[in-house]
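S.K.: TSV, C-alpha atoms, saved as my_file06.tsv, coming up:
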```tsv
chain	number	residue	atom	x	y	z
O	1	MET	CA	-7.21	-14.12	-9.04
O	2	ARG	CA	-5.70	-12.61	-5.89
O	3	LEU	CA	-2.50	-14.26	-4.74
O	4	ALA	CA	0.10	-13.78	-2.02
O	5	ILE	CA	3.79	-14.47	-2.56
O	6	LEU	CA	5.83	-15.19	0.53
O	7	GLY	CA	9.27	-13.74	-0.09
O	8	THR	CA	10.56	-10.77	-2.07
O	9	GLY	CA	13.69	-12.16	-3.76
O	10	ASN	CA	14.38	-12.77	-7.44
O	11	VAL	CA	12.09	-15.81	-7.64
O	12	ALA	CA	9.25	-13.95	-5.95
O	13	GLN	CA	9.68	-10.89	-8.16
O	14	THR	CA	9.81	-12.96	-11.36
O	15	LEU	CA	6.59	-14.71	-10.35
O	16	ALA	CA	4.92	-11.43	-9.41
O	17	ARG	CA	5.79	-9.81	-12.71
O	18	ARG	CA	4.42	-12.66	-14.81
O	19	LEU	CA	1.34	-13.14	-12.64
O	20	SER	CA	0.54	-9.45	-12.95
O	21	GLU	CA	1.05	-9.61	-16.71
O	22	THR	CA	-1.43	-12.48	-16.91
O	23	GLY	CA	-4.12	-10.59	-15.02
O	24	HIS	CA	-3.64	-11.59	-11.39
O	25	GLU	CA	-3.47	-9.33	-8.34
O	26	VAL	CA	-0.34	-9.98	-6.30
O	27	THR	CA	0.70	-9.05	-2.76
O	28	PHE	CA	4.14	-9.79	-1.35
O	29	GLY	CA	4.55	-11.05	2.21
O	30	SER	CA	7.74	-10.03	4.00
O	31	ARG	CA	9.26	-10.23	7.46
O	32	ASP	CA	10.17	-6.54	7.07
O	33	PRO	CA	7.68	-4.85	4.74
O	34	ALA	CA	8.97	-1.35	5.48
O	35	SER	CA	12.33	-2.19	3.94
O	36	LYS	CA	10.85	-3.36	0.63
O	37	ALA	CA	9.86	-0.06	-0.95
O	38	GLY	CA	10.11	0.00	-4.72
O	39	LEU	CA	8.64	-3.40	-5.50
O	40	LYS	CA	5.97	-3.41	-8.18
O	41	ALA	CA	3.26	-4.85	-5.93
O	42	PRO	CA	2.04	-4.12	-2.39
O	43	VAL	CA	4.15	-5.54	0.45
O	44	THR	CA	2.59	-6.54	3.77
O	45	SER	CA	3.59	-8.71	6.69
O	46	LEU	CA	3.72	-12.45	6.08
O	47	ALA	CA	0.62	-13.02	8.21
O	48	ASP	CA	-1.39	-10.30	6.48
O	49	ALA	CA	-0.44	-11.61	3.05
O	50	VAL	CA	-1.71	-15.08	3.95
O	51	ALA	CA	-4.86	-13.74	5.62
O	52	GLY	CA	-5.88	-11.70	2.60
O	53	ASN	CA	-5.49	-14.31	-0.14
O	54	GLY	CA	-6.83	-17.78	-0.87
O	55	VAL	CA	-3.79	-18.82	-2.91
O	56	VAL	CA	-0.34	-18.38	-1.39
O	57	ILE	CA	2.97	-19.05	-3.16
O	58	ASN	CA	5.98	-20.02	-1.07
O	59	ALA	CA	8.95	-18.33	-2.73
O	60	THR	CA	11.09	-18.11	0.39
O	61	PRO	CA	14.51	-19.84	0.45
O	62	GLY	CA	13.75	-23.54	0.85
O	63	ALA	CA	16.05	-24.01	3.82
O	64	ALA	CA	13.98	-21.45	5.76
O	65	SER	CA	10.50	-22.16	4.36
O	66	LEU	CA	9.30	-24.52	7.06
O	67	GLU	CA	10.34	-22.11	9.81
O	68	VAL	CA	8.64	-19.21	8.00
O	69	VAL	CA	5.37	-21.08	7.57
O	70	GLU	CA	5.36	-22.42	11.12
O	71	GLY	CA	5.99	-18.88	12.35
O	72	ILE	CA	2.84	-17.69	10.60
O	73	GLY	CA	0.88	-20.59	12.11
O	74	ALA	CA	-1.08	-23.48	10.68
O	75	ALA	CA	-4.45	-21.88	11.46
O	76	ALA	CA	-3.71	-18.99	9.07
O	77	PHE	CA	-3.42	-21.42	6.14
O	78	ALA	CA	-6.64	-23.35	6.81
O	79	GLY	CA	-8.65	-23.72	3.61
O	80	LYS	CA	-5.95	-22.13	1.46
O	81	VAL	CA	-3.84	-23.40	-1.42
O	82	LEU	CA	-0.10	-23.19	-0.75
O	83	VAL	CA	1.94	-23.40	-3.95
O	84	ASP	CA	5.47	-24.45	-3.05
O	85	VAL	CA	8.15	-23.60	-5.63
O	86	ALA	CA	11.19	-23.84	-3.35
O	87	ASN	CA	14.04	-26.34	-3.17
O	88	ALA	CA	15.45	-27.04	0.30
O	89	ASN	CA	19.20	-27.39	0.13
O	90	THR	CA	22.25	-26.54	2.19
O	91	PRO	CA	24.81	-23.87	1.16
O	92	SER	CA	26.93	-26.73	-0.21
O	93	PHE	CA	24.00	-27.82	-2.45
O	94	GLU	CA	23.08	-30.93	-0.50
O	95	LEU	CA	19.44	-31.87	0.06
O	96	LEU	CA	18.07	-30.64	3.37
O	97	TYR	CA	15.45	-33.42	3.42
O	98	PRO	CA	17.17	-36.39	1.72
O	99	ASN	CA	14.50	-38.86	2.86
O	100	SER	CA	11.50	-36.59	2.34
O	101	SER	CA	10.73	-33.26	0.70
O	102	LEU	CA	9.90	-29.70	1.64
O	103	GLY	CA	6.48	-30.17	0.04
O	104	GLU	CA	5.71	-33.07	2.38
O	105	LYS	CA	7.04	-31.19	5.39
O	106	LEU	CA	4.84	-28.20	4.59
O	107	GLN	CA	1.75	-30.36	4.12
O	108	ALA	CA	2.39	-32.08	7.46
O	109	ALA	CA	2.80	-28.71	9.17
O	110	LEU	CA	-0.36	-27.33	7.52
O	111	PRO	CA	-2.91	-30.16	7.69
O	112	ASP	CA	-5.85	-27.91	6.79
O	113	ALA	CA	-4.16	-26.39	3.74
O	114	ALA	CA	-3.69	-27.91	0.28
O	115	VAL	CA	0.01	-27.88	-0.62
O	116	VAL	CA	0.93	-28.19	-4.30
O	117	LYS	CA	4.54	-28.58	-5.39
O	118	THR	CA	5.44	-27.18	-8.81
O	119	MET	CA	7.91	-25.04	-10.81
O	120	ASN	CA	10.99	-26.24	-8.90
O	121	THR	CA	12.75	-28.21	-11.66
O	122	ALA	CA	14.03	-25.27	-13.73
O	123	ALA	CA	14.99	-21.65	-13.29
O	124	MET	CA	11.97	-19.47	-12.53
O	125	ALA	CA	12.59	-17.41	-15.67
O	126	VAL	CA	12.10	-20.63	-17.66
O	127	MET	CA	9.07	-21.72	-15.64
O	128	THR	CA	7.29	-18.41	-16.18
O	129	GLU	CA	8.31	-18.09	-19.87
O	130	PRO	CA	8.05	-21.65	-21.26
O	131	ALA	CA	7.78	-20.43	-24.86
O	132	ALA	CA	11.40	-19.22	-24.64
O	133	LEU	CA	12.52	-22.87	-25.03
O	134	PRO	CA	11.42	-25.80	-27.20
O	135	PRO	CA	8.56	-27.81	-25.64
O	136	SER	CA	9.43	-29.06	-22.14
O	137	SER	CA	7.69	-30.24	-18.97
O	138	VAL	CA	6.53	-28.81	-15.67
O	139	PHE	CA	5.46	-31.06	-12.80
O	140	VAL	CA	2.68	-30.88	-10.21
O	141	SER	CA	2.37	-32.83	-6.94
O	142	GLY	CA	-0.37	-32.57	-4.33
O	143	ASP	CA	-3.10	-34.40	-2.45
O	144	ASP	CA	-5.99	-32.10	-3.38
O	145	ALA	CA	-7.35	-32.32	-6.94
O	146	ALA	CA	-9.07	-28.92	-6.83
O	147	ALA	CA	-5.89	-27.22	-5.61
O	148	LYS	CA	-3.91	-28.86	-8.40
O	149	SER	CA	-6.49	-27.62	-10.93
O	150	THR	CA	-5.99	-24.09	-9.63
O	151	VAL	CA	-2.22	-24.42	-10.03
O	152	LYS	CA	-2.57	-25.90	-13.51
O	153	SER	CA	-4.63	-22.86	-14.53
O	154	LEU	CA	-1.84	-20.57	-13.33
O	155	LEU	CA	0.68	-22.61	-15.32
O	156	ALA	CA	-1.55	-22.40	-18.39
O	157	GLY	CA	-1.57	-18.63	-17.96
O	158	PHE	CA	2.21	-18.64	-18.20
O	159	GLY	CA	1.93	-20.50	-21.49
O	160	TRP	CA	2.28	-24.15	-20.48
O	161	PRO	CA	0.20	-26.39	-22.79
O	162	ASP	CA	-1.89	-29.11	-21.14
O	163	ASP	CA	0.35	-31.87	-22.48
O	164	SER	CA	3.41	-30.25	-20.91
O	165	ILE	CA	1.92	-30.20	-17.39
O	166	VAL	CA	2.72	-33.55	-15.78
O	167	ASP	CA	0.65	-34.47	-12.71
O	168	LEU	CA	2.84	-36.76	-10.60
O	169	GLY	CA	0.14	-37.58	-8.06
O	170	ARG	CA	0.17	-37.05	-4.33
O	171	ILE	CA	2.45	-34.70	-2.39
O	172	ALA	CA	4.84	-37.58	-1.60
O	173	SER	CA	5.92	-37.42	-5.26
O	174	ALA	CA	7.42	-34.00	-4.53
O	175	ARG	CA	10.53	-35.72	-3.26
O	176	GLY	CA	11.22	-36.78	-6.85
O	177	THR	CA	11.17	-33.25	-8.23
O	178	GLU	CA	13.05	-31.88	-5.23
O	179	HIS	CA	15.75	-34.55	-5.48
O	180	TYR	CA	16.10	-33.62	-9.16
O	181	PHE	CA	17.77	-30.45	-7.85
O	182	LEU	CA	21.03	-32.40	-7.70
O	183	MET	CA	20.73	-33.23	-11.40
O	184	PHE	CA	19.70	-29.66	-12.21
O	185	ALA	CA	22.84	-28.33	-10.52
O	186	ALA	CA	25.03	-30.73	-12.51
O	187	LEU	CA	23.29	-29.88	-15.78
O	188	MET	CA	23.60	-26.15	-15.14
O	189	GLN	CA	27.34	-26.56	-14.61
O	190	THR	CA	27.62	-28.55	-17.83
O	191	ALA	CA	25.42	-26.20	-19.85
O	192	GLY	CA	26.99	-23.09	-18.40
O	193	SER	CA	23.54	-21.53	-18.11
O	194	PRO	CA	20.25	-22.05	-16.25
O	195	LYS	CA	18.27	-21.57	-19.47
O	196	PHE	CA	17.28	-25.18	-20.03
O	197	ASN	CA	14.59	-27.64	-18.99
O	198	ILE	CA	13.65	-31.31	-19.34
O	199	ARG	CA	10.74	-32.98	-21.12
O	200	LEU	CA	8.89	-36.19	-20.42
O	201	VAL	CA	8.87	-38.27	-23.61
O	202	THR	CA	6.79	-41.47	-23.82
```
Do you think you could lay out the structure here as structure tokens?

M.R.:
Amino acid sequence: MRLAILGTGNVAQTLARRLSETGHEVTFGSRDPASKAGLKAPVTSLADAVAGNGVVINATPGAASLEVVEGIGAAAFAGKVLVDVANANTPSFELLYPNSSLGEKLQAALPDAAVVKTMNTAAMAVMTEPAALPPSSVFVSGDDAAAKSTVKSLLAGFGWPDDSIVDLGRIASARGTEHYFLMFAALMQTAGSPKFNIRLVT
């Protein structure tokens, strides 16, 4: 599969490495492609990255994601799957959208795209290497069943078993996983490490 990753930071590079290892073709989208020499995948402008790929991953800082996507323009995302892995918080670790979620904001801004929220409840190194921990859970939210199936196949490629992928329903459920960020921050402080995750037990 060909995918674009918006952003070139640690999260984006971790995703790109694992996606490449699992057989996917990755292109980074950047506001300043010329300054990103040395990355292990092609780097284009944000708009070109979106235009050239049917699946786009938002790995930009969550506080800036909505501005980035609106700058590209809703028309560019029409018919595409936007996988949102970001958490929108302030520098003081407060929620930027306490009564909503970034996933919902992105879907409202991109009515002709299918936004799927996932991989935002643990460190990206954990999300892309689930076998490094005992069995745990990853969550998926979105309004489009086909888009969620595409995302679930990417998660399976990382090593997530079917019974560890929890479909929470529509994109409105993304506020649950995004609000979990507050708990994640507290747990990370207690654990002294980001190398942990949670599991749904029934």

S.K.: Neighbouring residues of O:Leu19 were defined as those with any atom within 12 Å, considering only C-alpha atoms; residues of the same chain fewer than 4 positions away were excluded. Please report them as an MDAnalysis selection string.

M.R.: chainID O and resid 1:5 12:15 23:27 40:41 57 127:129 153:159

S.K.: Just how far from atom CA of O:Val138 is atom CA of O:Thr118, in Å to one decimal?

M.R.: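 We find that atom CA of O:Thr118 and atom CA of O:Val138 lie 7.1 Å from each other.
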
S.K.: Please identify all polymer residues within 12 Å of O:Gly38, counting only C-alpha atoms, omitting same-chain residues fewer than 3 positions from it, and present them as a PyMOL selection string.

M.R.: chain O and resi 8+13+28+33-35+41-43

S.K.: May I have the residues within 9 Å of stretch 181-188 of chain O as a PyMOL selection string, using only C-alpha atoms and disregarding those fewer than 2 positions away in the same chain?

M.R.: chain O and resi 87+89+93-95+120-122+177-179+190-197

S.K.: Restricting the calculation to only C-alpha atoms, which member of O:Gly29, O:Pro134, O:Gly7, O:Gly52 is positioned closest to O:Val85?

M.R.: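 Among the listed residues, the smallest separation from O:Val85 belongs to O:Gly7.
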
S.K.: From the options O:Ala37, O:Ala131, O:Leu168, O:Leu6, which residue's atoms come nearest to O:Leu66, counting only C-alpha atoms?

M.R.: O:Leu6

S.K.: I'd like the interatomic distance between atom CA of O:Asn99 and atom CA of O:Val115, to a tenth of an Å.

M.R.: 18.5 Å

S.K.: Please measure the separation of atom CA of O:Pro130 and atom CA of O:Arg199, giving the value in Å to one decimal.

M.R.: 11.6 Å

S.K.: In terms of the shortest atom-to-atom distance over all atoms listed in the file, which of O:Leu133, O:Ala88, O:Leu46, O:Ala147 is closest to O:Arg31?

M.R.: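 Smallest separation from O:Arg31 among the options: O:Leu46.
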
S.K.: Please fill the gaps in stretch 14-45 of chain O so it has N, CA and C atoms, and write that as a PDB file, in the coordinates of the input.

M.R.:
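Generated file (result-v4.pdb):
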```
ATOM      1  N   THR O  14      10.080 -12.409 -10.026  1.00  0.00           N
ATOM      2  CA  THR O  14       9.810 -12.960 -11.360  1.00  0.00           C
ATOM      3  C   THR O  14       8.384 -13.477 -11.432  1.00  0.00           C
ATOM      4  N   LEU O  15       7.969 -14.216 -10.400  1.00  0.00           N
ATOM      5  CA  LEU O  15       6.590 -14.710 -10.350  1.00  0.00           C
ATOM      6  C   LEU O  15       5.599 -13.556 -10.332  1.00  0.00           C
ATOM      7  N   ALA O  16       5.847 -12.553  -9.521  1.00  0.00           N
ATOM      8  CA  ALA O  16       4.920 -11.430  -9.410  1.00  0.00           C
ATOM      9  C   ALA O  16       4.761 -10.705 -10.733  1.00  0.00           C
ATOM     10  N   ARG O  17       5.860 -10.508 -11.425  1.00  0.00           N
ATOM     11  CA  ARG O  17       5.790  -9.810 -12.710  1.00  0.00           C
ATOM     12  C   ARG O  17       4.928 -10.576 -13.705  1.00  0.00           C
ATOM     13  N   ARG O  18       5.169 -11.885 -13.836  1.00  0.00           N
ATOM     14  CA  ARG O  18       4.420 -12.660 -14.810  1.00  0.00           C
ATOM     15  C   ARG O  18       2.957 -12.857 -14.393  1.00  0.00           C
ATOM     16  N   LEU O  19       2.719 -13.022 -13.099  1.00  0.00           N
ATOM     17  CA  LEU O  19       1.340 -13.140 -12.640  1.00  0.00           C
ATOM     18  C   LEU O  19       0.564 -11.865 -12.907  1.00  0.00           C
ATOM     19  N   SER O  20       1.205 -10.728 -12.676  1.00  0.00           N
ATOM     20  CA  SER O  20       0.540  -9.450 -12.950  1.00  0.00           C
ATOM     21  C   SER O  20       0.267  -9.291 -14.429  1.00  0.00           C
ATOM     22  N   GLU O  21       1.228  -9.710 -15.264  1.00  0.00           N
ATOM     23  CA  GLU O  21       1.050  -9.610 -16.710  1.00  0.00           C
ATOM     24  C   GLU O  21      -0.101 -10.491 -17.201  1.00  0.00           C
ATOM     25  N   THR O  22      -0.365 -11.567 -16.481  1.00  0.00           N
ATOM     26  CA  THR O  22      -1.430 -12.480 -16.910  1.00  0.00           C
ATOM     27  C   THR O  22      -2.743 -12.215 -16.165  1.00  0.00           C
ATOM     28  N   GLY O  23      -2.843 -11.047 -15.538  1.00  0.00           N
ATOM     29  CA  GLY O  23      -4.120 -10.590 -15.020  1.00  0.00           C
ATOM     30  C   GLY O  23      -4.416 -10.854 -13.562  1.00  0.00           C
ATOM     31  N   HIS O  24      -3.418 -11.298 -12.801  1.00  0.00           N
ATOM     32  CA  HIS O  24      -3.640 -11.590 -11.390  1.00  0.00           C
ATOM     33  C   HIS O  24      -3.213 -10.419 -10.503  1.00  0.00           C
ATOM     34  N   GLU O  25      -3.796 -10.369  -9.322  1.00  0.00           N
ATOM     35  CA  GLU O  25      -3.470  -9.330  -8.340  1.00  0.00           C
ATOM     36  C   GLU O  25      -2.570  -9.937  -7.268  1.00  0.00           C
ATOM     37  N   VAL O  26      -1.372  -9.377  -7.132  1.00  0.00           N
ATOM     38  CA  VAL O  26      -0.340  -9.980  -6.300  1.00  0.00           C
ATOM     39  C   VAL O  26      -0.007  -9.086  -5.113  1.00  0.00           C
ATOM     40  N   THR O  27       0.183  -9.720  -3.960  1.00  0.00           N
ATOM     41  CA  THR O  27       0.700  -9.050  -2.760  1.00  0.00           C
ATOM     42  C   THR O  27       1.900  -9.839  -2.251  1.00  0.00           C
ATOM     43  N   PHE O  28       2.988  -9.149  -1.955  1.00  0.00           N
ATOM     44  CA  PHE O  28       4.140  -9.790  -1.350  1.00  0.00           C
ATOM     45  C   PHE O  28       3.967  -9.871   0.162  1.00  0.00           C
ATOM     46  N   GLY O  29       4.455 -10.944   0.764  1.00  0.00           N
ATOM     47  CA  GLY O  29       4.550 -11.050   2.210  1.00  0.00           C
ATOM     48  C   GLY O  29       6.010 -11.035   2.621  1.00  0.00           C
ATOM     49  N   SER O  30       6.349 -10.200   3.592  1.00  0.00           N
ATOM     50  CA  SER O  30       7.740 -10.030   4.000  1.00  0.00           C
ATOM     51  C   SER O  30       7.854  -9.953   5.509  1.00  0.00           C
ATOM     52  N   ARG O  31       8.992 -10.398   6.033  1.00  0.00           N
ATOM     53  CA  ARG O  31       9.260 -10.230   7.460  1.00  0.00           C
ATOM     54  C   ARG O  31       9.473  -8.768   7.814  1.00  0.00           C
ATOM     55  N   ASP O  32       9.877  -7.959   6.833  1.00  0.00           N
ATOM     56  CA  ASP O  32      10.170  -6.540   7.070  1.00  0.00           C
ATOM     57  C   ASP O  32       9.600  -5.715   5.918  1.00  0.00           C
ATOM     58  N   PRO O  33       8.284  -5.546   5.878  1.00  0.00           N
ATOM     59  CA  PRO O  33       7.680  -4.850   4.740  1.00  0.00           C
ATOM     60  C   PRO O  33       8.210  -3.432   4.536  1.00  0.00           C
ATOM     61  N   ALA O  34       8.540  -2.743   5.608  1.00  0.00           N
ATOM     62  CA  ALA O  34       8.970  -1.350   5.480  1.00  0.00           C
ATOM     63  C   ALA O  34      10.259  -1.200   4.692  1.00  0.00           C
ATOM     64  N   SER O  35      11.045  -2.273   4.640  1.00  0.00           N
ATOM     65  CA  SER O  35      12.330  -2.190   3.940  1.00  0.00           C
ATOM     66  C   SER O  35      12.221  -2.556   2.469  1.00  0.00           C
ATOM     67  N   LYS O  36      11.010  -2.850   1.994  1.00  0.00           N
ATOM     68  CA  LYS O  36      10.850  -3.360   0.630  1.00  0.00           C
ATOM     69  C   LYS O  36      10.192  -2.348  -0.298  1.00  0.00           C
ATOM     70  N   ALA O  37      10.415  -1.080  -0.061  1.00  0.00           N
ATOM     71  CA  ALA O  37       9.860  -0.060  -0.950  1.00  0.00           C
ATOM     72  C   ALA O  37      10.447  -0.219  -2.355  1.00  0.00           C
ATOM     73  N   GLY O  38       9.629   0.058  -3.352  1.00  0.00           N
ATOM     74  CA  GLY O  38      10.110   0.000  -4.720  1.00  0.00           C
ATOM     75  C   GLY O  38       9.684  -1.237  -5.480  1.00  0.00           C
ATOM     76  N   LEU O  39       9.141  -2.227  -4.790  1.00  0.00           N
ATOM     77  CA  LEU O  39       8.640  -3.400  -5.500  1.00  0.00           C
ATOM     78  C   LEU O  39       7.357  -3.037  -6.249  1.00  0.00           C
ATOM     79  N   LYS O  40       7.080  -3.756  -7.310  1.00  0.00           N
ATOM     80  CA  LYS O  40       5.970  -3.410  -8.180  1.00  0.00           C
ATOM     81  C   LYS O  40       4.659  -4.068  -7.783  1.00  0.00           C
ATOM     82  N   ALA O  41       4.502  -4.313  -6.485  1.00  0.00           N
ATOM     83  CA  ALA O  41       3.260  -4.850  -5.930  1.00  0.00           C
ATOM     84  C   ALA O  41       3.255  -4.491  -4.452  1.00  0.00           C
ATOM     85  N   PRO O  42       2.095  -4.442  -3.821  1.00  0.00           N
ATOM     86  CA  PRO O  42       2.040  -4.120  -2.390  1.00  0.00           C
ATOM     87  C   PRO O  42       2.824  -5.144  -1.564  1.00  0.00           C
ATOM     88  N   VAL O  43       3.402  -4.674  -0.466  1.00  0.00           N
ATOM     89  CA  VAL O  43       4.150  -5.540   0.450  1.00  0.00           C
ATOM     90  C   VAL O  43       3.531  -5.406   1.835  1.00  0.00           C
ATOM     91  N   THR O  44       3.141  -6.533   2.428  1.00  0.00           N
ATOM     92  CA  THR O  44       2.590  -6.540   3.770  1.00  0.00           C
ATOM     93  C   THR O  44       3.387  -7.519   4.621  1.00  0.00           C
ATOM     94  N   SER O  45       2.977  -7.679   5.860  1.00  0.00           N
ATOM     95  CA  SER O  45       3.590  -8.710   6.690  1.00  0.00           C
ATOM     96  C   SER O  45       3.237 -10.084   6.134  1.00  0.00           C
TER      97      SER O  45
END
```
